[in-house]
>>> print(open('work_12.txt').read())   # compact mmCIF, C-alpha atoms
# COMPACT_ATOMS: atom_id res chain seq x y z
CA MET A 1 -11.12 0.24 -12.56
CA ARG A 2 -10.24 2.32 -9.51
CA LYS A 3 -6.83 3.12 -10.99
CA TRP A 4 -8.40 4.40 -14.21
CA PHE A 5 -10.94 6.48 -12.28
CA LYS A 6 -8.18 8.06 -10.24
CA TYR A 7 -6.19 8.79 -13.42
CA LEU A 8 -9.23 10.38 -15.09
CA PHE A 9 -9.98 12.43 -11.98
CA ARG A 10 -6.45 13.83 -11.96
CA ILE A 11 -6.74 14.79 -15.63
CA LEU A 12 -9.90 16.73 -14.82
CA LEU A 13 -8.05 18.55 -12.03
CA PHE A 14 -5.14 19.50 -14.31
CA PRO A 15 -6.59 22.91 -15.34
CA LEU A 16 -7.11 23.82 -11.67
CA ALA A 17 -3.52 22.82 -10.88
CA CYS A 18 -2.30 25.04 -13.73
CA LEU A 19 -4.35 27.96 -12.43
CA TYR A 20 -3.09 27.40 -8.90
CA GLY A 21 0.50 27.24 -10.17
CA ALA A 22 0.07 30.49 -12.09
CA ILE A 23 -1.22 32.26 -8.98
CA VAL A 24 1.68 30.93 -6.87
CA ARG A 25 4.26 32.00 -9.48
CA LEU A 26 2.67 35.46 -9.75
CA ARG A 27 2.86 35.82 -5.97
CA HIS A 28 6.55 34.89 -5.94
CA TRP A 29 7.24 37.33 -8.78
CA CYS A 30 5.59 40.13 -6.78
CA TYR A 31 7.93 39.41 -3.88
CA ASN A 32 10.99 39.07 -6.14
CA VAL A 33 10.50 42.47 -7.80
CA GLY A 34 9.49 44.25 -4.58
CA ILE A 35 5.76 44.75 -5.16
CA PHE A 36 5.18 42.72 -1.98
CA LYS A 37 7.54 43.44 0.90
CA GLU A 38 9.83 40.94 2.61
CA TYR A 39 11.06 41.60 6.15
CA THR A 40 14.48 40.48 7.30
CA PHE A 41 15.24 40.18 11.00
CA ALA A 42 19.01 40.13 11.33
CA VAL A 43 18.92 39.99 15.13
CA PRO A 44 18.02 37.50 16.37
CA PRO A 45 18.75 35.05 13.54
CA THR A 46 15.78 33.09 12.21
CA ILE A 47 15.65 29.43 11.16
CA CYS A 48 12.73 28.39 9.00
CA VAL A 49 11.52 24.77 8.95
CA GLY A 50 9.15 24.01 6.10
CA ASN A 51 8.31 22.13 2.95
CA VAL A 52 6.55 22.61 -0.37
CA ALA A 53 3.97 19.86 0.20
CA VAL A 54 1.01 19.65 2.55
CA GLY A 55 1.63 17.74 5.77
CA GLY A 56 3.45 14.57 6.67
CA THR A 57 7.12 15.50 6.16
CA GLY A 58 8.18 15.51 9.81
CA LYS A 59 8.34 19.24 10.61
CA SER A 60 7.55 18.76 14.31
CA PRO A 61 10.41 16.29 14.96
CA MET A 62 12.75 18.68 13.13
CA VAL A 63 11.63 21.64 15.23
CA GLU A 64 12.17 19.57 18.38
CA TYR A 65 15.63 18.56 17.12
CA LEU A 66 16.52 22.24 16.69
CA ILE A 67 15.13 23.13 20.11
CA ARG A 68 17.24 20.43 21.73
CA ARG A 69 20.28 21.61 19.79
CA TRP A 70 19.99 25.24 20.85
CA HIS A 71 17.91 25.76 24.01
CA LYS A 72 20.79 25.14 26.42
CA GLN A 73 23.01 27.61 24.57
CA ARG A 74 20.63 30.42 23.63
CA ARG A 75 17.22 31.73 24.57
CA VAL A 76 15.10 30.07 21.88
CA GLY A 77 11.83 31.37 20.51
CA VAL A 78 9.46 29.25 18.44
CA LEU A 79 6.80 30.88 16.29
CA SER A 80 4.06 28.73 14.74
CA ARG A 81 0.79 29.37 13.01
CA GLY A 82 -1.08 27.27 15.56
CA TYR A 83 -3.10 25.29 13.06
CA LYS A 84 -6.67 24.46 14.19
CA ARG A 85 -6.38 26.31 17.49
CA LYS A 86 -9.50 27.90 18.93
CA THR A 87 -7.92 31.35 19.32
CA ARG A 88 -7.01 34.12 16.90
CA GLY A 89 -4.21 36.61 16.54
CA PHE A 90 -0.98 36.58 18.54
CA ILE A 91 -0.91 34.27 21.56
CA LEU A 92 2.10 33.88 23.83
CA ALA A 93 2.29 30.56 25.68
CA THR A 94 1.99 30.77 29.46
CA GLU A 95 1.56 28.29 32.30
CA THR A 96 -2.21 28.46 31.82
CA SER A 97 -2.16 27.86 28.05
CA THR A 98 -4.06 24.84 26.70
CA VAL A 99 -3.92 22.85 23.50
CA LEU A 100 -7.00 24.76 22.32
CA ASP A 101 -5.15 28.06 22.78
CA LEU A 102 -2.01 27.08 20.88
CA GLY A 103 -2.85 24.12 18.63
CA ASP A 104 -1.57 20.59 19.17
CA GLU A 105 1.96 20.83 17.76
CA PRO A 106 2.92 24.18 19.38
CA PHE A 107 1.43 23.00 22.67
CA GLN A 108 3.53 19.85 22.39
CA PHE A 109 6.69 21.98 22.08
CA TRP A 110 5.66 24.11 25.07
CA TRP A 111 4.69 21.04 27.11
CA LYS A 112 8.15 19.50 26.62
CA PHE A 113 10.38 22.59 26.66
CA LYS A 114 9.20 25.11 29.25
CA ASP A 115 12.41 27.16 28.96
CA ILE A 116 11.60 28.34 25.41
CA ILE A 117 9.52 31.31 24.30
CA LEU A 118 6.61 29.98 22.28
CA ALA A 119 4.03 32.00 20.39
CA VAL A 120 1.45 31.39 17.68
CA CYS A 121 0.39 33.91 15.06
CA ALA A 122 -0.83 33.44 11.49
CA ASN A 123 0.88 36.72 10.54
CA ARG A 124 4.55 35.77 10.93
CA VAL A 125 5.82 39.36 10.65
CA GLU A 126 3.55 40.47 13.47
CA GLY A 127 4.50 37.37 15.44
CA VAL A 128 8.24 38.06 15.23
CA GLU A 129 7.76 41.75 16.01
CA ARG A 130 5.63 40.96 19.07
CA ILE A 131 8.15 38.41 20.36
CA LEU A 132 10.96 40.96 20.03
CA THR A 133 9.11 43.41 22.30
CA LEU A 134 9.24 40.98 25.24
CA PRO A 135 11.36 42.03 28.25
CA MET A 136 13.74 39.15 27.49
CA PRO A 137 13.38 38.46 23.76
CA PRO A 138 14.77 35.31 22.18
CA GLU A 139 18.32 35.08 20.87
CA LEU A 140 17.24 32.67 18.14
CA ILE A 141 13.83 32.21 16.49
CA ILE A 142 12.61 28.98 14.89
CA LEU A 143 9.82 29.55 12.37
CA ASP A 144 7.66 26.44 12.28
CA ASP A 145 6.15 25.62 8.87
CA ALA A 146 6.97 29.01 7.36
CA PHE A 147 8.81 28.31 4.10
CA GLN A 148 5.79 29.38 2.03
CA HIS A 149 5.38 32.60 4.06
CA ARG A 150 7.40 35.04 1.97
CA PRO A 151 6.86 38.17 4.16
CA VAL A 152 9.53 36.91 6.58
CA LYS A 153 12.89 36.19 4.99
CA ALA A 154 14.68 33.71 7.23
CA LYS A 155 18.44 33.55 7.63
CA ILE A 156 18.41 29.75 7.19
CA ASN A 157 15.78 27.71 5.33
CA ILE A 158 15.48 23.99 6.06
CA VAL A 159 13.24 22.20 3.57
CA LEU A 160 11.91 18.72 4.32
CA THR A 161 10.69 16.09 1.87
CA ALA A 162 9.51 12.64 2.85
CA TYR A 163 11.10 9.47 1.48
CA GLY A 164 8.68 7.85 -0.95
CA HIS A 165 6.83 11.17 -1.42
CA LEU A 166 9.53 13.47 -2.81
CA PHE A 167 8.47 16.92 -3.96
CA THR A 168 10.09 16.15 -7.32
CA ASP A 169 7.59 13.34 -7.94
CA ASP A 170 4.45 15.25 -7.01
CA TRP A 171 1.94 17.64 -8.56
CA LEU A 172 0.55 20.98 -7.50
CA LEU A 173 -2.75 21.14 -5.67
CA PRO A 174 -5.40 19.93 -6.28
CA MET A 175 -3.84 17.27 -8.54
CA GLY A 176 -1.20 16.42 -6.00
CA ARG A 177 0.09 17.54 -2.59
CA LEU A 178 2.37 20.45 -3.59
CA ARG A 179 1.33 23.79 -2.14
CA ASP A 180 4.30 25.58 -3.70
CA VAL A 181 6.25 25.33 -6.94
CA VAL A 182 9.28 23.03 -7.02
CA SER A 183 11.56 25.90 -8.07
CA ARG A 184 11.02 27.46 -4.64
CA VAL A 185 13.33 24.79 -3.17
CA GLN A 186 16.23 26.65 -4.82
CA GLN A 187 15.99 29.04 -1.85
CA ALA A 188 16.71 26.25 0.64
CA ASP A 189 19.99 26.14 2.54
CA ILE A 190 19.63 22.39 3.08
CA VAL A 191 17.14 19.67 2.10
CA VAL A 192 16.43 16.85 4.52
CA VAL A 193 14.90 13.63 3.17
CA THR A 194 12.89 12.46 6.18
CA LYS A 195 11.30 9.14 7.17
CA CYS A 196 13.94 7.10 5.34
CA PRO A 197 14.31 3.38 6.07
CA PRO A 198 17.29 2.91 8.41
CA SER A 199 18.74 0.42 5.91
CA LEU A 200 18.83 2.91 3.01
CA SER A 201 21.62 1.77 0.72
CA GLU A 202 24.47 3.93 -0.50
CA LYS A 203 23.36 3.30 -4.08
CA GLU A 204 19.86 4.61 -3.41
CA ARG A 205 21.25 7.61 -1.51
CA THR A 206 23.34 8.51 -4.54
CA GLN A 207 20.37 8.12 -6.87
CA LEU A 208 18.13 10.26 -4.66
CA ILE A 209 20.75 13.01 -4.39
CA ALA A 210 21.21 13.07 -8.18
CA HIS A 211 17.44 13.23 -8.63
CA LEU A 212 16.91 16.05 -6.13
CA GLN A 213 19.90 18.10 -7.25
CA LYS A 214 18.16 18.72 -10.57
CA HIS A 215 16.02 21.17 -8.61
CA CYS A 216 18.31 22.43 -5.84
CA LEU A 217 22.02 23.06 -5.38
CA CYS A 218 22.14 22.93 -1.58
CA PRO A 219 23.36 19.97 0.52
CA ILE A 220 21.00 17.01 0.83
CA VAL A 221 20.97 14.81 3.93
CA PHE A 222 18.92 11.84 5.10
CA ALA A 223 17.04 11.19 8.33
CA THR A 224 14.72 8.58 9.79
CA ILE A 225 12.16 8.28 12.57
CA ALA A 226 13.55 6.99 15.87
CA TYR A 227 10.90 5.48 18.15
CA ASP A 228 11.34 5.55 21.89
CA LYS A 229 11.82 2.28 23.76
CA GLN A 230 9.22 3.33 26.32
CA VAL A 231 5.61 4.47 26.25
CA PHE A 232 4.39 7.15 28.63
CA SER A 233 1.17 8.05 30.40
CA GLU A 234 0.29 10.69 32.97
CA ARG A 235 1.03 8.28 35.81
CA GLU A 236 3.77 5.95 34.53
CA ASN A 237 6.19 4.99 31.81
CA ILE A 238 6.80 1.38 30.82
CA SER A 239 8.85 -0.36 28.16
CA LEU A 240 7.26 -0.69 24.74
CA THR A 241 8.08 -4.41 24.81
CA THR A 242 6.00 -4.84 27.96
CA PHE A 243 3.14 -2.64 26.72
CA ILE A 244 2.58 -4.56 23.47
CA GLN A 245 2.29 -7.90 25.24
CA GLU A 246 -1.41 -7.10 25.59
CA PRO A 247 -3.78 -5.96 22.79
CA PHE A 248 -4.44 -2.23 22.53
CA THR A 249 -6.11 0.39 20.36
CA LEU A 250 -3.89 2.69 18.32
CA VAL A 251 -5.44 6.12 17.79
CA THR A 252 -3.84 8.49 15.27
CA GLY A 253 -4.77 11.93 14.03
CA ILE A 254 -1.68 12.57 11.89
CA ALA A 255 -1.07 13.05 8.19
CA ASN A 256 0.66 9.71 7.55
CA PRO A 257 0.42 6.98 10.21
CA ASN A 258 1.89 4.26 7.95
CA PRO A 259 5.46 4.39 9.35
CA LEU A 260 4.08 3.96 12.87
CA LEU A 261 1.86 1.07 11.78
CA THR A 262 4.80 -0.64 10.11
CA PHE A 263 6.99 -0.18 13.17
CA LEU A 264 4.41 -1.61 15.60
CA LYS A 265 3.71 -4.59 13.34
CA GLU A 266 7.44 -5.29 13.16
CA GLN A 267 7.47 -5.36 16.97
CA GLY A 268 4.75 -8.02 16.91
CA ALA A 269 2.06 -5.77 18.42
CA ASP A 270 -1.61 -6.82 18.39
CA PHE A 271 -3.72 -3.70 17.93
CA GLN A 272 -6.77 -2.14 16.36
CA HIS A 273 -6.12 1.09 14.48
CA LEU A 274 -8.53 4.02 14.60
CA ALA A 275 -7.39 6.66 12.12
CA PHE A 276 -8.55 10.27 12.15
CA ALA A 277 -7.63 13.27 10.03
CA ASP A 278 -4.53 15.31 10.81
CA HIS A 279 -5.06 17.71 13.77
CA HIS A 280 -8.49 16.16 14.36
CA HIS A 281 -10.57 17.69 17.15
CA PHE A 282 -12.19 14.74 18.91
CA THR A 283 -15.91 15.07 19.52
CA LYS A 284 -17.64 14.14 22.77
CA ARG A 285 -19.11 11.08 21.08
CA GLU A 286 -15.70 9.94 19.84
CA ILE A 287 -14.22 10.45 23.31
CA GLN A 288 -17.03 8.33 24.81
CA GLN A 289 -16.32 5.57 22.30
CA LEU A 290 -12.65 5.56 23.30
CA GLN A 291 -13.27 5.44 27.03
CA GLY A 292 -12.49 2.11 28.65
CA LYS A 293 -10.00 1.16 25.92
CA ARG A 294 -6.29 0.65 26.41
CA ILE A 295 -4.96 3.27 24.01
CA LEU A 296 -1.61 4.06 22.46
CA THR A 297 -1.30 7.30 20.50
CA THR A 298 1.20 9.85 19.22
CA GLU A 299 2.51 12.78 21.26
CA LYS A 300 0.54 15.20 19.11
CA ASP A 301 -2.69 13.29 19.69
CA TYR A 302 -1.90 12.72 23.37
CA VAL A 303 -1.99 16.42 24.22
CA ARG A 304 -5.52 16.57 22.76
CA LEU A 305 -6.81 13.34 24.30
CA GLN A 306 -5.11 13.38 27.71
CA PRO A 307 -7.66 15.63 29.47
CA HIS A 308 -10.46 13.22 28.54
CA LEU A 309 -9.08 9.66 28.81
CA GLN A 310 -7.51 7.60 31.59
CA ASP A 311 -5.79 4.53 30.14
CA LEU A 312 -3.87 6.57 27.55
CA TYR A 313 -0.22 6.17 26.53
CA TYR A 314 1.94 7.82 23.91
CA LEU A 315 5.04 6.70 22.04
CA PRO A 316 7.59 9.52 21.55
CA ILE A 317 9.49 9.84 18.30
CA ALA A 318 12.55 11.83 17.33
CA MET A 319 14.25 12.77 14.11
CA GLN A 320 17.56 10.93 13.71
CA PHE A 321 20.07 11.38 10.94
CA LEU A 322 21.02 8.18 9.15
CA THR A 323 24.77 8.68 9.44
CA PRO A 324 27.22 10.89 11.38
CA THR A 325 28.11 12.47 8.02
CA ASP A 326 24.49 13.51 7.50
CA GLU A 327 24.42 15.10 10.95
CA HIS A 328 27.76 16.85 10.41
CA THR A 329 26.66 18.23 7.04
CA PHE A 330 23.44 19.48 8.62
CA GLY A 331 25.42 21.16 11.38
CA THR A 332 27.62 23.08 8.94
CA VAL A 333 24.58 25.13 7.88
CA PHE A 334 24.66 26.83 11.30
CA GLU A 335 28.38 27.63 11.41
CA ASN A 336 27.85 31.38 10.99
CA LEU A 337 24.65 31.60 13.04
>>> encode(input="work_12.txt", output="structure tokens")
Amino acid sequence: MRKWFKYLFRILLFPLACLYGAIVRLRHWCYNVGIFKEYTFAVPPTICVGNVAVGGTGKSPMVEYLIRRWHKQRRVGVLSRGYKRKTRGFILATETSTVLDLGDEPFQFWWKFKDIILAVCANRVEGVERILTLPMPPELIILDDAFQHRPVKAKINIVLTAYGHLFTDDWLLPMGRLRDVVSRVQQADIVVVTKCPPSLSEKERTQLIAHLQKHCLCPIVFATIAYDKQVFSERENISLTTFIQEPFTLVTGIANPNPLLTFLKEQGADFQHLAFADHHHFTKREIQQLQGKRILTTEKDYVRLQPHLQDLYYLPIAMQFLTPTDEHTFGTVFENL
């Protein structure tokens, strides 16, 4: 019954998806013929990390991967929208910046990499221009979640799509999760299939590549989520194996917590899961309900919860390519950067 109701509901949303798709295509046409202006910043080079779906493809781990790759070699700037921050306009991260000033994901980057230049601005053109006026501007700019922002034309476009939720198998909003048309992926320099099972077979890889290459001609590589072997708090870090020997509460405010749930269950952890919406701002009442609990959370949630809770730990994750060949292929995109 529920399946039929969901199917009927999607049929009713079909006209809205068609209308949304027409508006998106008209917008792209306006940029393609020059009615709307695109800005290209040749110096410094820009790397765009994005997707064509809403949330849950692993953009933050990819941005962190790029920061780690470049920040020892060049002065790196990261520009993000700062989703659900409490500020407006252009904000440059400083030592006094808070998660409310920057948003959880940008604050997480700033919290971990203090040698980068980090700014948030919904208007990406203004954001880049303001960064370039700094006394020591960046030598490389990473545009976080900016693939759909046509005003800035990046030198390199990295498009992510999550394993099990490929953009080729989805529908436009509000029927599905696509916020952009599939044909837009033709502008990508590389597509990364994220959140793959580590045991992905060569046969399935080949099938996925053949499936995706119907819509893009760029290289396609595969990556997974690598979980840290330790959990961290403000006062200590201990091994994950030791931490899960006692029951705990898992608190998540991310788009798709299922991979984390699966991982913890595979480790034999005994936990209660409290799920909140992505980028959730915790209320005073919710904070009170969490006090006194032994809590494990994600890095993104930790930066929001840490000022309010004591017995709070987070489990870091990182993006990891499935094979050395995947990593090498990914690296070739930057050869002329």
>>> residues_around(input="work_12.txt", residues="range 260-268 of chain A", least_positions_apart="4", cutoff="9 Å", atoms="all atoms listed in the file", output="list in words")
Tyr227, Thr241, Ile244, Gln245, Leu250, Asn256 and His273 of chain A
>>> atom_distance(input="work_12.txt", atom1="CA of Arg69 in chain A", atom2="CA of Val49 in chain A")
14.3 Å
>>> atom_distance(input="work_12.txt", atom1="CA of Phe109 in chain A", atom2="CA of Val128 in chain A")
17.5 Å
>>> closest_residue(input="work_12.txt", among="A:Gly34, A:Gly77, A:Pro247, A:Gly253", to="Val303 in chain A", atoms="only C-alpha atoms")
A:Gly253
>>> residues_around(input="work_12.txt", residues="Cys18 in chain A", least_positions_apart="6", cutoff="10 Å", atoms="all atoms listed in the file", output="list in words")
Val24, Trp171, Leu172, Leu173, Pro174 and Met175 of chain A
>>> closest_residue(input="work_12.txt", among="A:Glu202, A:Asp189, A:Asp169, A:Glu38", to="Pro151 in chain A", atoms="only C-alpha atoms")
A:Glu38
>>> atom_distance(input="work_12.txt", atom1="CA of Lys284 in chain A", atom2="CA of Gln310 in chain A")
14.9 Å
>>> closest_residue(input="work_12.txt", among="A:Val333, A:Glu95, A:Glu105, A:Leu140", to="Thr46 in chain A", atoms="all atoms listed in the file")
A:Leu140
>>> residues_near_point(input="work_12.txt", point="(-3.9, 2.8, 22.1)", cutoff="7 Å", atoms="all atoms listed in the file", output="list in words")
Phe248, Thr249, Leu250, Val251, Arg294, Ile295, Leu296, Thr297, Leu312 and Tyr313 of chain A
>>> residues_around(input="work_12.txt", residues="range 216-218 of chain A", least_positions_apart="3", cutoff="6 Å", atoms="all atoms listed in the file", output="ChimeraX atom specification")
/A:186,189-190,213
>>> write_last_selection(input="work_12.txt", atoms="C-alpha atoms", output="CSV table (one decimal), in the coordinates of the input")
chain,number,residue,atom,x,y,z
A,186,GLN,CA,16.2,26.6,-4.8
A,189,ASP,CA,20.0,26.1,2.5
A,190,ILE,CA,19.6,22.4,3.1
A,213,GLN,CA,19.9,18.1,-7.2
>>> residues_around(input="work_12.txt", residues="Arg88 in chain A", least_positions_apart="5", cutoff="10 Å", atoms="all atoms listed in the file", output="JSON, numbers by chain")
{"A": [81, 82, 101, 102, 120, 121, 122]}
>>> residues_around(input="work_12.txt", residues="range 70-76 of chain A", least_positions_apart="5", cutoff="10 Å", atoms="all atoms listed in the file", output="ChimeraX atom specification")
/A:44,64-65,113,115-118,136-142
>>> decode(input="work_12.txt", residues="range 22-90 of chain A", atoms="C-alpha atoms", output="short mmCIF file (atom, residue, chain, number, x, y, z; two decimals), in the first residue's frame")
data_model
loop_
_atom_site.label_atom_id
_atom_site.label_comp_id
_atom_site.auth_asym_id
_atom_site.auth_seq_id
_atom_site.Cartn_x
_atom_site.Cartn_y
_atom_site.Cartn_z
CA ALA A 22 12.25 23.73 -18.09
CA ILE A 23 13.34 26.59 -15.83
CA VAL A 24 16.76 25.00 -15.24
CA ARG A 25 17.29 24.40 -18.97
CA LEU A 26 16.25 27.98 -19.78
CA ARG A 27 18.75 29.26 -17.22
CA HIS A 28 21.56 27.20 -18.74
CA TRP A 29 20.61 28.41 -22.23
CA CYS A 30 20.84 32.03 -21.05
CA TYR A 31 24.38 31.38 -19.82
CA ASN A 32 25.35 29.45 -22.96
CA VAL A 33 24.32 32.24 -25.35
CA GLY A 34 25.68 35.04 -23.17
CA ILE A 35 22.47 36.58 -21.85
CA PHE A 36 23.74 35.81 -18.35
CA LYS A 37 27.43 36.45 -17.74
CA GLU A 38 30.00 33.90 -16.63
CA TYR A 39 33.20 35.04 -14.92
CA THR A 40 36.47 33.19 -15.39
CA PHE A 41 39.30 33.67 -12.92
CA ALA A 42 42.45 32.46 -14.62
CA VAL A 43 44.69 33.40 -11.69
CA PRO A 44 44.48 31.78 -9.26
CA PRO A 45 43.06 28.56 -10.73
CA THR A 46 39.72 27.42 -9.35
CA ILE A 47 38.58 23.87 -8.54
CA CYS A 48 34.86 23.31 -8.18
CA VAL A 49 33.50 20.44 -6.08
CA GLY A 50 29.82 19.77 -6.64
CA ASN A 51 27.03 17.50 -7.76
CA VAL A 52 23.67 17.62 -9.50
CA ALA A 53 21.71 16.15 -6.58
CA VAL A 54 20.80 17.58 -3.20
CA GLY A 55 23.06 16.52 -0.33
CA GLY A 56 24.70 13.29 0.70
CA THR A 57 27.36 12.77 -1.99
CA GLY A 58 30.44 13.42 0.16
CA LYS A 59 31.44 16.95 -0.88
CA SER A 60 33.04 17.78 2.49
CA PRO A 61 35.41 14.78 2.50
CA MET A 62 36.38 15.65 -1.09
CA VAL A 63 37.10 19.28 -0.17
CA GLU A 64 39.23 18.07 2.75
CA TYR A 65 41.06 15.67 0.42
CA LEU A 66 41.89 18.58 -1.90
CA ILE A 67 42.98 20.77 1.00
CA ARG A 68 45.35 18.07 2.22
CA ARG A 69 46.67 17.60 -1.30
CA TRP A 70 47.47 21.26 -1.87
CA HIS A 71 47.83 23.27 1.35
CA LYS A 72 51.50 22.41 1.89
CA GLN A 73 52.37 23.40 -1.68
CA ARG A 74 50.22 26.48 -2.30
CA ARG A 75 48.26 29.06 -0.35
CA VAL A 76 44.78 27.53 -0.55
CA GLY A 77 41.52 29.42 -0.40
CA VAL A 78 38.17 27.73 0.20
CA LEU A 79 34.94 29.51 -0.69
CA SER A 80 31.62 28.07 0.48
CA ARG A 81 28.06 29.26 0.65
CA GLY A 82 27.93 28.68 4.40
CA TYR A 83 24.61 26.88 4.43
CA LYS A 84 22.41 27.63 7.48
CA ARG A 85 24.86 30.10 9.01
CA LYS A 86 23.46 32.96 11.05
CA THR A 87 25.30 35.66 9.08
CA ARG A 88 24.83 37.20 5.65
CA GLY A 89 27.07 38.42 2.89
CA PHE A 90 30.82 37.86 2.69
#
